[in-house]
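Okay, structure first, notes after.
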Amino acid sequence: MLKIEHVTKKFGDFTAVNQLSLQVNKGEVFGIVGANGAGKTTTFRMILGLLDPTDGTITWNGEKINYETSGIIGYLPEERGLYPKLTVQEQLLYFARLRGMKKQEILPKIDYWLDRFHITQYKHKKAGELSKGNQQKVQFIYSVLHEPELLILDEPFSGLDPINVELLKSAVAEVNAKGTTILFSSHRMEHVEEMCKQIAMFKEGKAIEKGKIREIKQKYGKKVVALYTEENLTFLQDRKGILSYEKTPYGVRIKLQKEEDSQEIVKEAMKKGFIRKFELEEPTLNEIFIQKVGEVRD
């Protein structure tokens with residue numbers, strides 16, 4: 001279990017992380033979302049022991065992480081960290097040897113992961129000759145070669161096209177299924193929503209919302225009504241209590257101030273014409289995040 005307890009990190013007068021407390025259970029995939037500068041990467045670097053907290057404690061299974069125990073962690077940084085003049089195999093060997101692995105156990109794992117990501121043909125190519133997406137795949141491989149107990153992924157889908165995003169998501173699921181605890185950040189809320197049960201939303205070094213995704217959504221109610229229809233319902237745009245009106249391929253999606261207003265909206269729409277289907281939708285994580293970031297001013 002990873003425990004972050006009342007952690008603050010200051011750089012002079014600037015507070016990058018402010019009284020942060022999180023708990024990531026063993027075997028869990030935990031998501032952290034937030035804008036640039038929200039404190040995500042600083043938090044990761046404190047977990048890794050690259051930065052010391054100004055206040056508070058960070059422990060893994062009850063013990064502080066130090067140089068001797070850092071080998072239990074795998075880390076994929078947001079920035080590219082490959083040596084451009086080394087071949088893919090040379091640097092994967094190098095990084096794995098730094099983790100204490102022996103060459104005879106490293107090579108089969110390299111072959112497995114290169115095949116898993118469909119980049120075996122780049123095995124003896126220099127990293128600087130690879131596309132950004134393939135460099136990202138190689139970085140992921142070196143973060144998992146030593147089969148870490150805790151894996152930290154900072155914006156892992158950066159630079160990947162939709163096909164490779166799915167490939168990486170399946171690889172993350174595979175690593176997690178073997179027991180690795182995963183903590184990752186992403187700007188893409190749909191990825192977080194798909195892969196995680198628990199999240200924390202960061203703003204200005206604080207966790208402004210955290211917990212199970214299902215429970216977070218329940219707090220905000222079902223304030224969106226989706227109407228499946230070909231009728232023109234634009235007359236509803238100016239109705240009191242409507243926060244937004246969005247045309248969709250299937251009809252319209254209307255965000256309400258109060259969940260209970262949905263019944264009247266549906267009745268008014270049905271007077272206009274045929275409504276094939278209607279349903280109340282939960283807010284997306286993206287909508288909740290935008291709302292929370294807008295609310296927090298301190």
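So you can find residues: chains in the structure tokens are A, B, ... in the order shown, residues in each start at 1, and ligands are numbered from 1 in order.
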Which residues are near stretch 91-104 of chain A? Cut-off 12 Å, only C-alpha atoms, ignore same chain within fewer than 6 positions. Put them as an MDAnalysis selection string. chainID A and resid 67:75 81:85 110:111 113:114 123:128 135 137:148
Output file for the residues above (N, CA and C atoms, as a compact mmCIF listing (two decimals), in the first residue's frame):
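Saved file result11.txt follows:
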```txt
# COMPACT_ATOMS: atom_id res chain seq x y z
N TYR A 67 17.03 4.77 -1.46
CA TYR A 67 17.83 4.28 -2.59
C TYR A 67 17.84 2.76 -2.65
N GLU A 68 17.92 2.12 -1.49
CA GLU A 68 18.01 0.67 -1.45
C GLU A 68 16.71 -0.01 -1.89
N THR A 69 15.58 0.66 -1.65
CA THR A 69 14.29 0.04 -1.97
C THR A 69 13.66 0.61 -3.24
N SER A 70 14.33 1.56 -3.88
CA SER A 70 13.73 2.20 -5.07
C SER A 70 13.56 1.25 -6.24
N GLY A 71 14.24 0.11 -6.19
CA GLY A 71 14.12 -0.86 -7.27
C GLY A 71 12.76 -1.51 -7.37
N ILE A 72 11.93 -1.34 -6.34
CA ILE A 72 10.58 -1.92 -6.41
C ILE A 72 9.65 -1.06 -7.27
N ILE A 73 10.13 0.12 -7.70
CA ILE A 73 9.30 1.05 -8.45
C ILE A 73 9.72 1.10 -9.91
N GLY A 74 8.75 1.18 -10.79
CA GLY A 74 8.99 1.48 -12.19
C GLY A 74 8.43 2.86 -12.48
N TYR A 75 9.11 3.62 -13.34
CA TYR A 75 8.70 5.01 -13.57
C TYR A 75 8.79 5.35 -15.04
N GLY A 81 13.20 10.15 -22.18
CA GLY A 81 14.41 9.91 -21.41
C GLY A 81 15.32 8.85 -22.02
N LEU A 82 15.29 8.71 -23.36
CA LEU A 82 16.12 7.71 -24.02
C LEU A 82 17.43 8.33 -24.50
N TYR A 83 18.43 7.48 -24.63
CA TYR A 83 19.71 7.90 -25.21
C TYR A 83 19.61 7.73 -26.72
N PRO A 84 19.61 8.82 -27.47
CA PRO A 84 19.32 8.73 -28.91
C PRO A 84 20.32 7.93 -29.72
N LYS A 85 21.58 7.80 -29.25
CA LYS A 85 22.60 7.11 -30.03
C LYS A 85 22.74 5.63 -29.68
N ILE A 110 12.92 -8.57 -23.09
CA ILE A 110 12.97 -7.55 -24.14
C ILE A 110 12.25 -8.05 -25.39
N ASP A 111 12.54 -9.29 -25.78
CA ASP A 111 11.91 -9.87 -26.97
C ASP A 111 10.40 -9.93 -26.81
N TRP A 113 8.40 -8.03 -24.92
CA TRP A 113 7.75 -6.72 -24.95
C TRP A 113 7.85 -6.04 -26.31
N LEU A 114 8.97 -6.23 -27.01
CA LEU A 114 9.06 -5.67 -28.36
C LEU A 114 8.02 -6.30 -29.27
N LYS A 123 14.61 -3.30 -32.91
CA LYS A 123 15.47 -3.80 -31.83
C LYS A 123 16.89 -3.25 -31.91
N HIS A 124 17.44 -3.20 -33.13
CA HIS A 124 18.82 -2.76 -33.28
C HIS A 124 18.91 -1.37 -33.93
N LYS A 125 17.82 -0.64 -33.86
CA LYS A 125 17.82 0.74 -34.36
C LYS A 125 18.12 1.70 -33.21
N LYS A 126 18.73 2.81 -33.54
CA LYS A 126 18.99 3.82 -32.52
C LYS A 126 17.68 4.49 -32.12
N ALA A 127 17.56 4.79 -30.85
CA ALA A 127 16.30 5.37 -30.33
C ALA A 127 15.98 6.69 -31.01
N GLY A 128 17.01 7.47 -31.35
CA GLY A 128 16.78 8.76 -31.98
C GLY A 128 16.13 8.66 -33.35
N GLN A 135 9.12 5.62 -29.35
CA GLN A 135 9.98 5.93 -28.20
C GLN A 135 9.20 5.78 -26.90
N LYS A 137 6.76 3.71 -26.36
CA LYS A 137 6.64 2.28 -26.11
C LYS A 137 7.91 1.73 -25.46
N VAL A 138 9.06 2.15 -25.97
CA VAL A 138 10.34 1.69 -25.41
C VAL A 138 10.48 2.16 -23.97
N GLN A 139 10.08 3.40 -23.70
CA GLN A 139 10.15 3.90 -22.32
C GLN A 139 9.25 3.09 -21.39
N PHE A 140 8.08 2.73 -21.88
CA PHE A 140 7.20 1.89 -21.05
C PHE A 140 7.87 0.55 -20.78
N ILE A 141 8.50 -0.03 -21.80
CA ILE A 141 9.14 -1.34 -21.62
C ILE A 141 10.19 -1.27 -20.53
N TYR A 142 11.06 -0.23 -20.56
CA TYR A 142 12.10 -0.20 -19.52
C TYR A 142 11.53 0.07 -18.14
N SER A 143 10.32 0.63 -18.06
CA SER A 143 9.72 0.87 -16.74
C SER A 143 9.13 -0.40 -16.13
N VAL A 144 8.92 -1.44 -16.96
CA VAL A 144 8.28 -2.67 -16.44
C VAL A 144 9.16 -3.91 -16.54
N LEU A 145 10.33 -3.80 -17.19
CA LEU A 145 11.18 -4.99 -17.39
C LEU A 145 11.50 -5.70 -16.08
N HIS A 146 11.71 -4.94 -15.01
CA HIS A 146 12.10 -5.54 -13.73
C HIS A 146 10.90 -5.94 -12.88
N GLU A 147 9.71 -5.91 -13.48
CA GLU A 147 8.46 -6.32 -12.82
C GLU A 147 8.30 -5.63 -11.45
N PRO A 148 8.13 -4.32 -11.48
CA PRO A 148 8.06 -3.55 -10.23
C PRO A 148 6.78 -3.84 -9.42
```
Return the single residue from A:Lys258, A:Arg80, A:Arg116, A:Arg253 that is closest to A:Pro156, with distances computed using only C-alpha atoms.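 For A:Pro156, the nearest of the given residues is A:Arg80.
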Tell me which protein, DNA and RNA residues are within 9 Å of stretch 196-205 of chain A, counting only C-alpha atoms, leaving out same-chain ones fewer than 2 positions away, and put them as JSON, numbers by chain. {"A": [8, 9, 15, 16, 17, 18, 19, 20, 22, 24, 28, 29, 30, 31, 32, 33, 34, 35, 37, 38, 39, 40, 42, 43, 191, 192, 193, 194, 207, 208, 209, 210, 211, 212, 213, 214, 289, 292, 293, 296]}
Do you have the atom CA of A:Arg276-atom CA of A:Glu190 distance handy? 27.2 Å
Of the listed residues A:Lys240, A:Lys271, A:Lys26, A:Lys64, that which approaches A:Thr180 most closely, counting only C-alpha atoms: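 Closest residue, counting only C-alpha atoms: A:Lys26.
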So what do you get for atom CA of A:Tyr220 versus atom CA of A:Glu282, distance-wise?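 Between atom CA of A:Tyr220 and atom CA of A:Glu282 the gap works out to 8.1 Å.
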Residues flagged strand (DSSP E or B) by DSSP in stretch 23-82 of chain A, as a PDB file with N, CA and C atoms, in the first residue's frame:
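That gives us out-v4.pdb:
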```pdb
ATOM      1  N   GLN A  23      -4.224   7.437  -0.415  1.00  0.00           N
ATOM      2  CA  GLN A  23      -3.921   6.042  -0.137  1.00  0.00           C
ATOM      3  C   GLN A  23      -4.213   5.231  -1.394  1.00  0.00           C
ATOM      4  N   VAL A  24      -3.201   4.520  -1.879  1.00  0.00           N
ATOM      5  CA  VAL A  24      -3.356   3.677  -3.064  1.00  0.00           C
ATOM      6  C   VAL A  24      -3.182   2.230  -2.621  1.00  0.00           C
ATOM      7  N   VAL A  29      -5.277   0.283  -9.691  1.00  0.00           N
ATOM      8  CA  VAL A  29      -4.896   1.282 -10.686  1.00  0.00           C
ATOM      9  C   VAL A  29      -5.547   2.588 -10.254  1.00  0.00           C
ATOM     10  N   PHE A  30      -4.737   3.555  -9.870  1.00  0.00           N
ATOM     11  CA  PHE A  30      -5.208   4.810  -9.286  1.00  0.00           C
ATOM     12  C   PHE A  30      -4.850   5.946 -10.240  1.00  0.00           C
ATOM     13  N   GLY A  31      -5.829   6.780 -10.575  1.00  0.00           N
ATOM     14  CA  GLY A  31      -5.604   7.853 -11.521  1.00  0.00           C
ATOM     15  C   GLY A  31      -5.506   9.219 -10.860  1.00  0.00           C
ATOM     16  N   ILE A  32      -4.605  10.037 -11.362  1.00  0.00           N
ATOM     17  CA  ILE A  32      -4.473  11.425 -10.915  1.00  0.00           C
ATOM     18  C   ILE A  32      -4.683  12.332 -12.124  1.00  0.00           C
ATOM     19  N   VAL A  33      -5.602  13.275 -11.995  1.00  0.00           N
ATOM     20  CA  VAL A  33      -5.887  14.190 -13.095  1.00  0.00           C
ATOM     21  C   VAL A  33      -5.700  15.625 -12.608  1.00  0.00           C
ATOM     22  N   GLY A  34      -5.321  16.473 -13.541  1.00  0.00           N
ATOM     23  CA  GLY A  34      -5.110  17.874 -13.199  1.00  0.00           C
ATOM     24  C   GLY A  34      -4.406  18.578 -14.332  1.00  0.00           C
ATOM     25  N   ASP A  55       7.120  18.730   4.360  1.00  0.00           N
ATOM     26  CA  ASP A  55       6.414  18.166   5.521  1.00  0.00           C
ATOM     27  C   ASP A  55       5.682  16.914   5.076  1.00  0.00           C
ATOM     28  N   GLY A  56       5.339  16.065   6.049  1.00  0.00           N
ATOM     29  CA  GLY A  56       4.561  14.870   5.766  1.00  0.00           C
ATOM     30  C   GLY A  56       5.412  13.658   5.443  1.00  0.00           C
ATOM     31  N   THR A  57       4.756  12.512   5.240  1.00  0.00           N
ATOM     32  CA  THR A  57       5.468  11.259   4.995  1.00  0.00           C
ATOM     33  C   THR A  57       4.853  10.509   3.809  1.00  0.00           C
ATOM     34  N   ILE A  58       5.716   9.744   3.141  1.00  0.00           N
ATOM     35  CA  ILE A  58       5.303   8.862   2.055  1.00  0.00           C
ATOM     36  C   ILE A  58       5.884   7.486   2.335  1.00  0.00           C
ATOM     37  N   THR A  59       5.039   6.469   2.369  1.00  0.00           N
ATOM     38  CA  THR A  59       5.509   5.113   2.650  1.00  0.00           C
ATOM     39  C   THR A  59       4.902   4.109   1.678  1.00  0.00           C
ATOM     40  N   TRP A  60       5.644   3.023   1.456  1.00  0.00           N
ATOM     41  CA  TRP A  60       5.166   1.885   0.676  1.00  0.00           C
ATOM     42  C   TRP A  60       5.199   0.673   1.594  1.00  0.00           C
ATOM     43  N   GLU A  63       6.920   1.367   4.924  1.00  0.00           N
ATOM     44  CA  GLU A  63       8.328   1.751   4.957  1.00  0.00           C
ATOM     45  C   GLU A  63       8.576   2.925   4.012  1.00  0.00           C
ATOM     46  N   LYS A  64       9.486   3.811   4.423  1.00  0.00           N
ATOM     47  CA  LYS A  64       9.866   4.906   3.543  1.00  0.00           C
ATOM     48  C   LYS A  64      10.693   4.363   2.379  1.00  0.00           C
ATOM     49  N   ILE A  73      10.134   0.117  -7.698  1.00  0.00           N
ATOM     50  CA  ILE A  73       9.298   1.052  -8.448  1.00  0.00           C
ATOM     51  C   ILE A  73       9.720   1.102  -9.908  1.00  0.00           C
ATOM     52  N   GLY A  74       8.747   1.181 -10.793  1.00  0.00           N
ATOM     53  CA  GLY A  74       8.986   1.484 -12.194  1.00  0.00           C
ATOM     54  C   GLY A  74       8.427   2.863 -12.475  1.00  0.00           C
ATOM     55  N   TYR A  75       9.111   3.621 -13.337  1.00  0.00           N
ATOM     56  CA  TYR A  75       8.698   5.008 -13.571  1.00  0.00           C
ATOM     57  C   TYR A  75       8.787   5.346 -15.043  1.00  0.00           C
ATOM     58  N   LEU A  76       7.674   5.812 -15.591  1.00  0.00           N
ATOM     59  CA  LEU A  76       7.634   6.329 -16.956  1.00  0.00           C
ATOM     60  C   LEU A  76       7.416   7.836 -16.862  1.00  0.00           C
TER      61      LEU A  76
END
```
Pick out the closest residue to A:Glu5 from this set: A:Ile47, A:Ile152, A:Lys219, A:Met189. Count only C-alpha atoms.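 Checking each candidate against A:Glu5, we get A:Ile47 as the closest.
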